[in-house]
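work_12.cif follows (mmCIF, C-alpha atoms and all ligand atoms):
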data_upload
loop_
_atom_site.label_atom_id
_atom_site.label_comp_id
_atom_site.auth_asym_id
_atom_site.auth_seq_id
_atom_site.Cartn_x
_atom_site.Cartn_y
_atom_site.Cartn_z
CA MET J 1 22.43 -52.01 -2.53
CA SER J 2 25.56 -49.92 -2.14
CA ASP J 3 26.55 -46.89 -0.11
CA LEU J 4 27.83 -43.69 -1.64
CA ALA J 5 30.04 -42.09 0.99
CA PHE J 6 30.42 -38.30 1.15
CA PRO J 7 33.61 -36.52 2.22
CA VAL J 8 34.43 -36.16 5.90
CA GLY J 9 33.11 -32.86 7.25
CA PHE J 10 30.42 -32.58 4.57
CA LEU J 11 27.76 -30.02 5.51
CA TRP J 12 24.24 -31.46 5.58
CA GLY J 13 21.62 -28.86 6.16
CA ALA J 14 18.34 -27.14 5.48
CA ALA J 15 17.72 -23.49 4.64
CA THR J 16 15.24 -20.71 5.31
CA ALA J 17 15.16 -16.95 4.71
CA ALA J 18 13.97 -14.40 7.23
CA HIS J 19 11.02 -12.88 5.36
CA GLN J 20 9.74 -16.30 4.35
CA VAL J 21 9.59 -17.73 7.86
CA GLU J 22 10.00 -15.15 10.63
CA GLY J 23 6.70 -13.28 10.37
CA ASP J 24 5.77 -9.60 10.77
CA ASN J 25 8.66 -8.29 8.72
CA SER J 26 6.83 -5.02 8.42
CA GLY J 27 9.77 -2.70 7.75
CA SER J 28 10.70 -4.32 4.46
CA ASP J 29 9.98 -3.62 0.81
CA TRP J 30 8.32 -7.03 0.39
CA TRP J 31 5.82 -6.23 3.16
CA ASP J 32 4.74 -3.20 1.13
CA TRP J 33 4.87 -5.08 -2.18
CA GLU J 34 2.43 -7.73 -0.87
CA ARG J 35 -0.03 -4.92 -0.12
CA ARG J 36 0.44 -2.86 -3.24
CA PRO J 37 -2.76 -2.69 -5.31
CA GLY J 38 -2.35 -4.61 -8.53
CA THR J 39 0.60 -6.68 -7.29
CA PRO J 40 -0.11 -10.29 -8.17
CA CYS J 41 0.68 -11.69 -4.71
CA PRO J 42 -1.91 -14.31 -3.75
CA ASP J 43 -0.97 -14.16 -0.06
CA ARG J 44 0.56 -11.80 2.43
CA SER J 45 3.45 -13.12 4.48
CA GLY J 46 1.83 -12.07 7.78
CA LEU J 47 3.01 -14.23 10.64
CA ALA J 48 4.74 -16.63 8.20
CA CYS J 49 6.02 -19.57 10.31
CA ASP J 50 6.44 -17.41 13.38
CA HIS J 51 10.05 -18.55 13.26
CA TYR J 52 11.17 -15.29 14.85
CA ARG J 53 9.68 -16.57 18.12
CA ARG J 54 9.66 -20.30 17.45
CA TYR J 55 13.26 -20.68 16.27
CA PRO J 56 14.36 -22.56 19.43
CA GLN J 57 12.01 -25.45 18.70
CA ASP J 58 12.65 -25.32 14.95
CA VAL J 59 16.41 -25.42 15.41
CA ALA J 60 16.10 -28.28 17.90
CA LEU J 61 13.88 -30.16 15.47
CA LEU J 62 16.35 -29.79 12.60
CA ALA J 63 19.20 -31.00 14.79
CA SER J 64 17.12 -33.94 16.03
CA LEU J 65 16.75 -35.11 12.42
CA GLY J 66 20.52 -35.49 12.15
CA LEU J 67 21.36 -32.39 10.10
CA ASN J 68 24.63 -30.68 10.97
CA ALA J 69 24.04 -27.25 9.37
CA TYR J 70 21.35 -24.59 9.26
CA ARG J 71 21.34 -21.79 6.69
CA TYR J 72 19.20 -18.78 7.67
CA SER J 73 19.22 -15.08 6.96
CA VAL J 74 19.52 -11.94 9.02
CA GLU J 75 16.90 -9.35 8.14
CA TRP J 76 18.42 -5.98 7.22
CA ALA J 77 15.06 -4.24 7.76
CA ARG J 78 15.04 -5.32 11.40
CA VAL J 79 18.69 -4.63 12.12
CA GLU J 80 18.72 -1.16 10.51
CA PRO J 81 15.11 0.08 10.44
CA GLU J 82 16.22 3.63 9.59
CA ASN J 83 19.26 4.87 7.72
CA GLY J 84 22.18 4.60 10.17
CA ARG J 85 20.08 3.54 13.19
CA PHE J 86 21.01 0.03 14.24
CA ASP J 87 18.81 -1.90 16.62
CA GLN J 88 20.96 -3.70 19.17
CA ALA J 89 18.01 -5.81 20.35
CA GLN J 90 17.71 -7.30 16.86
CA LEU J 91 21.42 -8.03 16.68
CA ASP J 92 21.07 -9.71 20.09
CA HIS J 93 18.17 -11.75 18.71
CA TYR J 94 20.28 -13.12 15.86
CA ARG J 95 23.15 -13.76 18.25
CA ALA J 96 20.83 -15.80 20.48
CA MET J 97 19.54 -17.65 17.44
CA THR J 98 23.08 -18.42 16.35
CA ASP J 99 23.88 -19.65 19.85
CA ALA J 100 20.87 -21.97 19.64
CA VAL J 101 22.17 -23.39 16.35
CA LEU J 102 25.61 -23.97 17.85
CA ALA J 103 24.21 -25.42 21.07
CA ALA J 104 22.21 -27.88 18.96
CA GLY J 105 25.48 -29.05 17.41
CA MET J 106 24.88 -27.49 13.99
CA THR J 107 27.06 -25.21 11.88
CA PRO J 108 25.41 -21.87 11.17
CA MET J 109 25.49 -20.44 7.66
CA VAL J 110 24.24 -16.84 7.62
CA THR J 111 22.86 -15.00 4.60
CA LEU J 112 23.07 -11.23 4.86
CA HIS J 113 20.64 -10.33 2.07
CA HIS J 114 17.89 -12.69 0.96
CA PHE J 115 15.66 -10.68 -1.42
CA THR J 116 14.31 -8.10 1.06
CA LEU J 117 15.43 -4.51 1.56
CA PRO J 118 14.55 -2.14 4.37
CA ARG J 119 11.78 0.24 3.29
CA TRP J 120 14.11 3.23 3.52
CA VAL J 121 16.55 1.58 1.09
CA ALA J 122 13.75 0.73 -1.33
CA GLU J 123 12.49 4.31 -1.22
CA ARG J 124 15.89 5.47 -2.46
CA GLY J 125 15.71 3.19 -5.50
CA GLY J 126 16.82 -0.14 -4.06
CA TRP J 127 19.76 -1.62 -5.97
CA LEU J 128 19.66 1.28 -8.45
CA ASP J 129 20.82 3.74 -5.80
CA ALA J 130 24.57 4.30 -6.10
CA GLU J 131 24.87 4.51 -2.31
CA VAL J 132 23.30 1.14 -1.57
CA PRO J 133 26.46 -0.99 -1.88
CA GLY J 134 28.17 1.11 0.78
CA ARG J 135 25.13 1.04 3.02
CA PHE J 136 24.87 -2.71 2.61
CA ALA J 137 28.53 -3.06 3.60
CA ARG J 138 27.93 -0.90 6.69
CA TYR J 139 25.06 -3.22 7.70
CA CYS J 140 27.23 -6.30 7.00
CA ASP J 141 29.92 -4.86 9.23
CA ARG J 142 27.45 -4.51 12.13
CA VAL J 143 26.13 -8.02 11.73
CA VAL J 144 29.57 -9.57 11.41
CA ARG J 145 30.77 -7.72 14.47
CA ALA J 146 27.77 -9.13 16.36
CA LEU J 147 28.04 -12.73 15.11
CA GLY J 148 31.51 -13.09 13.62
CA ASP J 149 33.02 -14.87 16.60
CA ARG J 150 30.39 -17.60 16.16
CA VAL J 151 29.84 -17.86 12.41
CA THR J 152 32.27 -19.11 9.77
CA TRP J 153 30.02 -19.43 6.70
CA TRP J 154 28.61 -16.21 5.26
CA CYS J 155 26.48 -15.64 2.16
CA THR J 156 26.53 -11.97 1.26
CA ILE J 157 23.75 -11.83 -1.34
CA ASN J 158 21.29 -14.56 -2.19
CA GLU J 159 20.57 -15.09 -5.90
CA PRO J 160 21.59 -11.65 -7.19
CA GLY J 161 20.51 -12.70 -10.67
CA VAL J 162 16.99 -13.35 -9.47
CA VAL J 163 16.82 -10.04 -7.60
CA ALA J 164 17.80 -8.16 -10.77
CA PHE J 165 15.81 -10.27 -13.23
CA GLY J 166 12.73 -10.53 -11.02
CA GLY J 167 12.45 -6.99 -9.75
CA TYR J 168 14.17 -4.76 -12.31
CA LEU J 169 13.35 -6.52 -15.59
CA GLY J 170 9.97 -7.48 -14.17
CA ALA J 171 10.24 -11.18 -14.90
CA LEU J 172 9.04 -12.48 -11.55
CA ASN J 173 6.68 -9.99 -9.91
CA PHE J 174 9.32 -8.90 -7.42
CA PRO J 175 9.74 -5.38 -6.07
CA PRO J 176 10.42 -2.69 -7.13
CA GLY J 177 8.50 -3.80 -10.23
CA ARG J 178 10.70 -2.09 -12.80
CA LYS J 179 10.55 -3.56 -16.27
CA ASP J 180 13.39 -2.37 -18.44
CA VAL J 181 16.74 -3.65 -19.56
CA GLY J 182 18.57 -0.55 -18.34
CA SER J 183 17.31 -1.03 -14.77
CA TRP J 184 18.16 -4.73 -14.95
CA GLU J 185 21.75 -3.92 -15.94
CA ARG J 186 22.16 -1.18 -13.33
CA ALA J 187 20.70 -3.33 -10.56
CA SER J 188 23.09 -6.13 -11.52
CA VAL J 189 26.04 -3.74 -11.25
CA GLY J 190 24.75 -2.52 -7.88
CA LEU J 191 24.38 -6.06 -6.57
CA ILE J 192 27.89 -7.01 -7.65
CA GLU J 193 29.30 -3.91 -6.01
CA GLY J 194 27.22 -4.65 -2.90
CA HIS J 195 28.72 -8.12 -2.80
CA ARG J 196 32.24 -6.78 -3.26
CA GLN J 197 31.93 -4.26 -0.44
CA GLY J 198 29.94 -6.68 1.76
CA LEU J 199 32.63 -9.34 1.33
CA SER J 200 35.33 -6.87 2.40
CA ALA J 201 33.29 -5.96 5.47
CA VAL J 202 32.87 -9.62 6.39
CA ARG J 203 36.57 -10.35 5.95
CA ALA J 204 37.59 -7.25 7.90
CA SER J 205 35.74 -8.32 11.04
CA ALA J 206 35.77 -12.11 10.88
CA SER J 207 39.22 -13.46 10.17
CA ARG J 208 38.11 -17.09 9.87
CA ALA J 209 35.11 -16.27 7.66
CA ARG J 210 34.38 -18.26 4.52
CA ALA J 211 32.21 -16.00 2.42
CA GLY J 212 30.54 -16.06 -0.96
CA MET J 213 27.33 -15.47 -2.87
CA THR J 214 24.58 -18.00 -3.45
CA HIS J 215 23.64 -18.23 -7.12
CA SER J 216 20.41 -19.25 -8.77
CA MET J 217 21.55 -21.48 -11.63
CA ASN J 218 19.55 -23.46 -14.15
CA ASP J 219 20.48 -26.34 -16.35
CA TRP J 220 19.71 -24.42 -19.56
CA GLU J 221 19.07 -25.95 -22.94
CA ALA J 222 17.95 -24.45 -26.23
CA ASN J 223 16.95 -25.27 -29.75
CA GLU J 224 19.27 -23.99 -32.46
CA ALA J 225 17.44 -20.71 -33.04
CA GLY J 226 17.21 -20.10 -29.31
CA ARG J 227 20.86 -20.80 -28.46
CA PRO J 228 22.28 -17.24 -28.83
CA PHE J 229 19.43 -15.84 -26.75
CA MET J 230 19.82 -18.59 -24.15
CA GLU J 231 23.54 -17.91 -23.88
CA TRP J 232 22.92 -14.19 -23.57
CA LEU J 233 20.33 -14.76 -20.85
CA ARG J 234 22.50 -17.22 -18.96
CA ARG J 235 25.37 -14.82 -19.12
CA ARG J 236 23.26 -11.96 -17.73
CA ASN J 237 21.53 -14.08 -15.08
CA GLU J 238 24.39 -16.26 -13.94
CA ASP J 239 27.83 -15.78 -15.47
CA VAL J 240 28.30 -12.12 -14.60
CA PHE J 241 27.70 -12.99 -10.96
CA LEU J 242 29.92 -16.06 -11.08
CA GLU J 243 32.71 -13.95 -12.57
CA ALA J 244 32.25 -11.58 -9.63
CA ALA J 245 32.70 -14.58 -7.33
CA ALA J 246 36.23 -15.36 -8.51
CA ASP J 247 37.72 -14.13 -5.22
CA ASP J 248 35.04 -15.71 -3.00
CA ASP J 249 35.81 -18.54 -0.59
CA PHE J 250 33.05 -20.71 -2.02
CA VAL J 251 30.26 -20.65 -4.58
CA GLY J 252 26.73 -21.42 -3.41
CA VAL J 253 24.71 -23.22 -6.09
CA GLN J 254 20.90 -23.18 -6.01
CA THR J 255 19.23 -25.24 -8.70
CA TYR J 256 15.67 -26.42 -9.09
CA THR J 257 15.25 -27.40 -12.71
CA ARG J 258 16.25 -27.16 -16.36
CA VAL J 259 15.07 -24.23 -18.46
CA PRO J 260 14.51 -24.85 -22.14
CA VAL J 261 14.65 -21.89 -24.51
CA ARG J 262 12.70 -22.59 -27.65
CA VAL J 263 12.25 -19.88 -30.24
CA ASN J 264 11.18 -20.21 -33.83
CA ALA J 265 13.56 -19.27 -36.60
CA ALA J 266 12.02 -15.84 -37.32
CA LEU J 267 12.06 -14.77 -33.68
CA GLY J 268 15.59 -16.13 -33.45
CA VAL J 269 16.77 -13.73 -36.16
CA LEU J 270 14.97 -10.80 -34.52
CA LEU J 271 16.49 -11.62 -31.13
CA ARG J 272 19.97 -11.90 -32.61
CA VAL J 273 19.63 -8.35 -33.95
CA ALA J 274 18.02 -7.06 -30.76
CA LEU J 275 20.83 -8.41 -28.59
CA GLY J 276 23.05 -5.67 -29.95
CA ILE J 277 20.56 -2.81 -29.91
CA ARG J 278 19.66 -1.52 -26.46
CA PRO J 279 16.33 0.30 -27.23
CA LEU J 280 15.10 -2.69 -29.20
CA ALA J 281 16.15 -5.04 -26.44
CA SER J 282 14.40 -2.84 -23.88
CA ALA J 283 11.17 -3.04 -25.82
CA LEU J 284 11.37 -6.70 -26.78
CA PHE J 285 12.82 -8.71 -23.95
CA PRO J 286 10.54 -7.98 -21.01
CA PRO J 287 7.37 -9.16 -22.78
CA ILE J 288 9.17 -12.14 -24.31
CA ILE J 289 10.65 -13.17 -21.00
CA ARG J 290 7.35 -12.77 -19.17
CA GLY J 291 5.44 -14.40 -21.99
CA GLN J 292 5.26 -17.86 -23.41
CA SER J 293 8.40 -17.99 -25.51
CA LEU J 294 10.61 -18.65 -22.51
CA ASN J 295 8.09 -20.21 -20.24
CA PRO J 296 9.36 -23.71 -19.51
CA GLU J 297 5.91 -25.21 -19.79
CA PRO J 298 5.34 -25.31 -23.54
CA ALA J 299 8.81 -26.68 -24.14
CA ILE J 300 8.54 -29.56 -21.68
CA ALA J 301 7.31 -32.72 -23.34
CA ALA J 302 3.65 -33.42 -22.71
CA GLY J 303 3.18 -35.74 -19.76
CA SER J 304 6.54 -34.97 -18.16
CA ARG J 305 6.46 -34.41 -14.44
CA ARG J 306 6.15 -30.91 -13.07
CA THR J 307 6.55 -29.51 -9.60
CA GLN J 308 3.98 -27.19 -7.99
CA MET J 309 6.08 -24.31 -9.33
CA GLY J 310 5.49 -25.61 -12.86
CA TYR J 311 9.14 -26.63 -13.18
CA GLU J 312 10.28 -29.79 -14.89
CA PHE J 313 10.94 -32.42 -12.20
CA LEU J 314 14.65 -32.91 -12.77
CA PRO J 315 16.65 -33.35 -9.54
CA GLU J 316 19.86 -34.04 -11.48
CA ALA J 317 19.88 -30.50 -12.90
CA VAL J 318 21.93 -29.53 -9.84
CA ALA J 319 24.85 -31.69 -10.94
CA ALA J 320 24.94 -29.91 -14.30
CA THR J 321 25.17 -26.51 -12.61
CA VAL J 322 27.83 -27.67 -10.16
CA ARG J 323 29.80 -28.91 -13.16
CA ARG J 324 29.41 -25.55 -14.84
CA VAL J 325 30.80 -23.75 -11.80
CA ALA J 326 33.76 -26.12 -11.83
CA THR J 327 34.35 -25.26 -15.48
CA LEU J 328 34.10 -21.49 -14.98
CA LEU J 329 35.92 -21.37 -11.62
CA PRO J 330 38.13 -24.47 -11.48
CA GLY J 331 39.12 -25.63 -8.01
CA LYS J 332 36.68 -23.34 -6.22
CA ASP J 333 34.85 -24.87 -3.27
CA VAL J 334 31.18 -25.39 -4.05
CA ILE J 335 28.27 -25.84 -1.69
CA VAL J 336 24.77 -26.64 -2.86
CA THR J 337 23.05 -24.01 -0.74
CA GLU J 338 19.56 -24.77 -2.11
CA HIS J 339 17.97 -27.72 -3.90
CA GLY J 340 14.40 -28.73 -3.37
CA VAL J 341 10.96 -29.32 -4.77
CA ALA J 342 7.51 -27.87 -4.19
CA THR J 343 5.14 -30.80 -3.91
CA ASP J 344 2.27 -32.17 -1.86
CA ASP J 345 3.60 -35.67 -2.38
CA ASP J 346 6.48 -36.12 0.04
CA ALA J 347 7.62 -39.31 -1.70
CA GLU J 348 8.59 -37.01 -4.58
CA ARG J 349 10.78 -34.99 -2.21
CA VAL J 350 12.55 -38.18 -1.08
CA GLU J 351 13.11 -39.09 -4.73
CA PHE J 352 14.32 -35.55 -5.51
CA ILE J 353 16.86 -35.71 -2.69
CA ASP J 354 18.14 -39.16 -3.62
CA ARG J 355 18.45 -38.50 -7.34
CA GLY J 356 20.07 -35.12 -6.73
CA LEU J 357 22.57 -36.55 -4.24
CA ARG J 358 23.41 -39.48 -6.44
CA ALA J 359 24.23 -37.13 -9.31
CA LEU J 360 26.22 -34.86 -6.99
CA HIS J 361 28.18 -37.78 -5.61
CA ALA J 362 29.38 -38.57 -9.13
CA GLU J 363 30.70 -35.01 -9.41
CA ILE J 364 32.60 -35.42 -6.13
CA VAL J 365 34.11 -38.65 -7.43
CA ALA J 366 35.08 -36.77 -10.59
CA GLY J 367 37.04 -34.34 -8.42
CA ILE J 368 34.76 -31.34 -7.86
CA PRO J 369 35.30 -29.92 -4.36
CA LEU J 370 31.69 -30.04 -3.23
CA ARG J 371 31.57 -29.29 0.50
CA GLY J 372 27.91 -29.51 1.41
CA TYR J 373 24.26 -30.02 0.52
CA ILE J 374 21.67 -27.71 2.03
CA HIS J 375 18.07 -28.47 1.20
CA TRP J 376 15.39 -25.88 0.47
CA SER J 377 13.55 -25.74 2.70
CA ALA J 378 13.49 -26.53 6.39
CA LEU J 379 9.85 -25.43 6.66
CA ASP J 380 6.88 -24.86 4.38
CA ASN J 381 7.03 -21.11 3.98
CA PHE J 382 6.10 -17.93 2.10
CA GLU J 383 7.13 -18.48 -1.50
CA TRP J 384 7.26 -14.79 -2.49
CA ALA J 385 4.81 -13.91 -5.29
CA ARG J 386 3.57 -17.53 -5.28
CA GLY J 387 2.45 -17.32 -1.66
CA TYR J 388 1.83 -20.21 0.71
CA GLY J 389 0.54 -22.72 -1.84
CA MET J 390 4.04 -23.99 -2.66
CA ARG J 391 5.17 -26.63 -0.20
CA PHE J 392 8.94 -26.99 -0.07
CA GLY J 393 9.35 -28.09 3.56
CA LEU J 394 11.09 -31.06 5.09
CA ILE J 395 8.84 -29.98 7.94
CA GLY J 396 5.20 -29.18 7.26
CA VAL J 397 3.65 -26.14 8.92
CA ASP J 398 -0.05 -25.93 9.69
CA ARG J 399 -0.99 -22.39 8.76
CA ALA J 400 -3.82 -22.18 11.29
CA THR J 401 -2.05 -23.60 14.32
CA GLN J 402 1.65 -23.25 13.40
CA ALA J 403 2.06 -26.90 14.37
CA ARG J 404 5.13 -28.54 12.84
CA THR J 405 5.08 -32.04 11.36
CA VAL J 406 8.31 -33.62 10.24
CA ARG J 407 7.76 -35.23 6.87
CA PRO J 408 9.37 -38.58 5.96
CA SER J 409 11.74 -36.62 3.69
CA GLY J 410 13.04 -34.78 6.77
CA HIS J 411 13.83 -38.06 8.51
CA HIS J 412 15.27 -39.39 5.26
CA LEU J 413 17.71 -36.51 4.72
CA GLY J 414 18.61 -36.62 8.42
CA ALA J 415 19.48 -40.33 8.17
CA ILE J 416 21.69 -39.66 5.13
CA ALA J 417 23.39 -36.86 7.07
CA ARG J 418 24.00 -39.07 10.10
CA ALA J 419 25.47 -41.84 7.94
CA ASN J 420 27.29 -39.32 5.71
CA SER J 421 26.31 -41.61 2.90
CA LEU J 422 23.48 -42.39 0.54
CA THR J 423 22.26 -45.92 0.07
CA VAL J 424 21.38 -46.65 -3.55
CA PRO J 425 19.80 -49.71 -5.13
O1 LIG J 501 11.99 -19.74 -1.91
C1 LIG J 501 13.03 -19.50 -2.80
C2 LIG J 501 14.21 -18.90 -2.09
O2 LIG J 501 13.87 -17.74 -1.39
C3 LIG J 501 15.31 -18.55 -3.07
N1 LIG J 501 15.62 -19.67 -3.94
C4 LIG J 501 14.50 -20.38 -4.54
C5 LIG J 501 13.49 -20.75 -3.49
C6 LIG J 501 12.35 -21.57 -4.10
O3 LIG J 501 11.75 -20.92 -5.16
#
Output the file's structure in the form of structure tokens.
Amino acid sequence: MSDLAFPVGFLWGAATAAHQVEGDNSGSDWWDWERRPGTPCPDRSGLACDHYRRYPQDVALLASLGLNAYRYSVEWARVEPENGRFDQAQLDHYRAMTDAVLAAGMTPMVTLHHFTLPRWVAERGGWLDAEVPGRFARYCDRVVRALGDRVTWWCTINEPGVVAFGGYLGALNFPPGRKDVGSWERASVGLIEGHRQGLSAVRASASRARAGMTHSMNDWEANEAGRPFMEWLRRRNEDVFLEAAADDDFVGVQTYTRVPVRVNAALGVLLRVALGIRPLASALFPPIIRGQSLNPEPAIAAGSRRTQMGYEFLPEAVAATVRRVATLLPGKDVIVTEHGVATDDDAERVEFIDRGLRALHAEIVAGIPLRGYIHWSALDNFEWARGYGMRFGLIGVDRATQARTVRPSGHHLGAIARANSLTVP
């Protein structure tokens, strides 16, 4: 056995997002989306984990495990329920929550936008509305003025690529349910501008802030015919947002798996042509992306392990994406802000953590400035259009009673955090 030591001051944490855990987030676009006829949401978020009221015990539980950081999000729909009307009671709520995190001895990391929009923003077109970046920055300013004396780590926008790809190209059954390449591109531009203005607002009010975006990144691979399409997709889903992060204080990496892109030779030729022709791309890509050609499942070797999400079980994918950030943005601080697995077998989660950390440790040794590892998720929660069936939690939540049960993986990650090292065979 040997011990792999992590750098002094390494952040060891778990993450949640407001809509997925708080409950009763009724002023948001997702609340409406879950109820929209024809929307393929198996569950409604409802009371979620009742974290809005139960955060004191949840925060205490996370700290008792040995974790030293908690990443959570502030809900824009609560803080600004109507255009320009800010609810001081909600800002006070998040301030009290932040105080609880600090009192428990943990470092807070606050996400300002994690997938949900206030209903009034969605009604104006969401990220397609030219005024949204400015409105987002105004909301960021209010939150940072309320919490900025207590919070150093800020994530402006969570997984902008997923927001655009999932809701505006229609790849993931996310609101607003648009399905065209033009909307995808415009939403991406809006999200980047929102980040830019949000970042300025954070820096203006919190001088010691360390701010960035958190990026959904895959370890992509492709067959020869699929390579140009894979590179195009990766560029649109990841690189454009990483390029927009060049001035950020850190890059948040969130990786769950490897995505293979397999296309046959004929489709490869067609896609190569379509990449340059907007109307053709608009017609072709949404069905291809939603359909089987890019679905990881057929490309994964028969018998290979899958997670409940259907992803290839590949914890080490996170090291590949961290390496990619280091190549694109050399010297930039990196934090793994999400890494986790949906499974009913908690031994798999322990394995996922250990294999992921072992691979990450090698990147630290190779010189990448990795500053922290934050696991997704603290609690079993509402997995968007996949509902409550996906169990990502270090802590299990009984849906009927809201009782919390710390899983062995929670104790395991806490012990690693306390030791600041991973013991490997
Ligand atoms: O639950 C999500 C989270 O909201 C964003 N990143 C991926 C997680 C697991 O799918």
At most 7 Å from ligand LIG 501 (chain J) (all atoms listed in the file): residue list as an MDAnalysis selection string:
chainID J and resid 17 114 159 216 254 338 376 383:384
Keeping C-alpha atoms for every residue in the selection just given, could you write it to a file as a short mmCIF file (atom, residue, chain, number, x, y, z; two decimals), keeping the file's coordinate frame?
data_model
loop_
_atom_site.label_atom_id
_atom_site.label_comp_id
_atom_site.auth_asym_id
_atom_site.auth_seq_id
_atom_site.Cartn_x
_atom_site.Cartn_y
_atom_site.Cartn_z
CA ALA J 17 15.16 -16.95 4.71
CA HIS J 114 17.89 -12.69 0.96
CA GLU J 159 20.57 -15.09 -5.90
CA SER J 216 20.41 -19.25 -8.77
CA GLN J 254 20.90 -23.18 -6.01
CA GLU J 338 19.56 -24.77 -2.11
CA TRP J 376 15.39 -25.88 0.47
CA GLU J 383 7.13 -18.48 -1.50
CA TRP J 384 7.26 -14.79 -2.49
#
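If you look at atom CA of J:Leu357 and atom CA of J:Leu422, they are 7.6 Å away from each other.
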Pick from J:Arg186, J:Leu91, J:Leu147, J:Asp32, whichever lies nearest to J:Trp120 using all atoms listed in the file:
J:Asp32
Mind giving me the straight-line distance from atom CA of J:Ala244 to atom CA of J:Arg135 in Å, one decimal?
19.2 Å
Just the number, please: distance in Å from atom CA of J:Ala5 to atom CA of J:Arg210, one decimal.
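Computing it gives 24.5 Å between the two atoms.
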Take stretch 48-60 of chain J from the preceding structure and save C-alpha atoms as a PDB file, in the first residue's frame.
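So the final result, stored in result39.pdb, reads:
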ATOM      1  CA  ALA J  48     -36.818  17.626  -3.696  1.00  0.00           C
ATOM      2  CA  CYS J  49     -34.591  17.026  -0.637  1.00  0.00           C
ATOM      3  CA  ASP J  50     -36.213  19.837   1.312  1.00  0.00           C
ATOM      4  CA  HIS J  51     -32.696  21.233   1.539  1.00  0.00           C
ATOM      5  CA  TYR J  52     -34.078  24.768   1.670  1.00  0.00           C
ATOM      6  CA  ARG J  53     -35.234  24.002   5.218  1.00  0.00           C
ATOM      7  CA  ARG J  54     -32.927  21.127   6.096  1.00  0.00           C
ATOM      8  CA  TYR J  55     -29.627  22.714   5.050  1.00  0.00           C
ATOM      9  CA  PRO J  56     -28.390  23.102   8.657  1.00  0.00           C
ATOM     10  CA  GLN J  57     -28.384  19.353   9.216  1.00  0.00           C
ATOM     11  CA  ASP J  58     -27.111  18.604   5.704  1.00  0.00           C
ATOM     12  CA  VAL J  59     -24.219  21.028   6.052  1.00  0.00           C
ATOM     13  CA  ALA J  60     -23.361  19.629   9.482  1.00  0.00           C
TER      14      ALA J  60
END
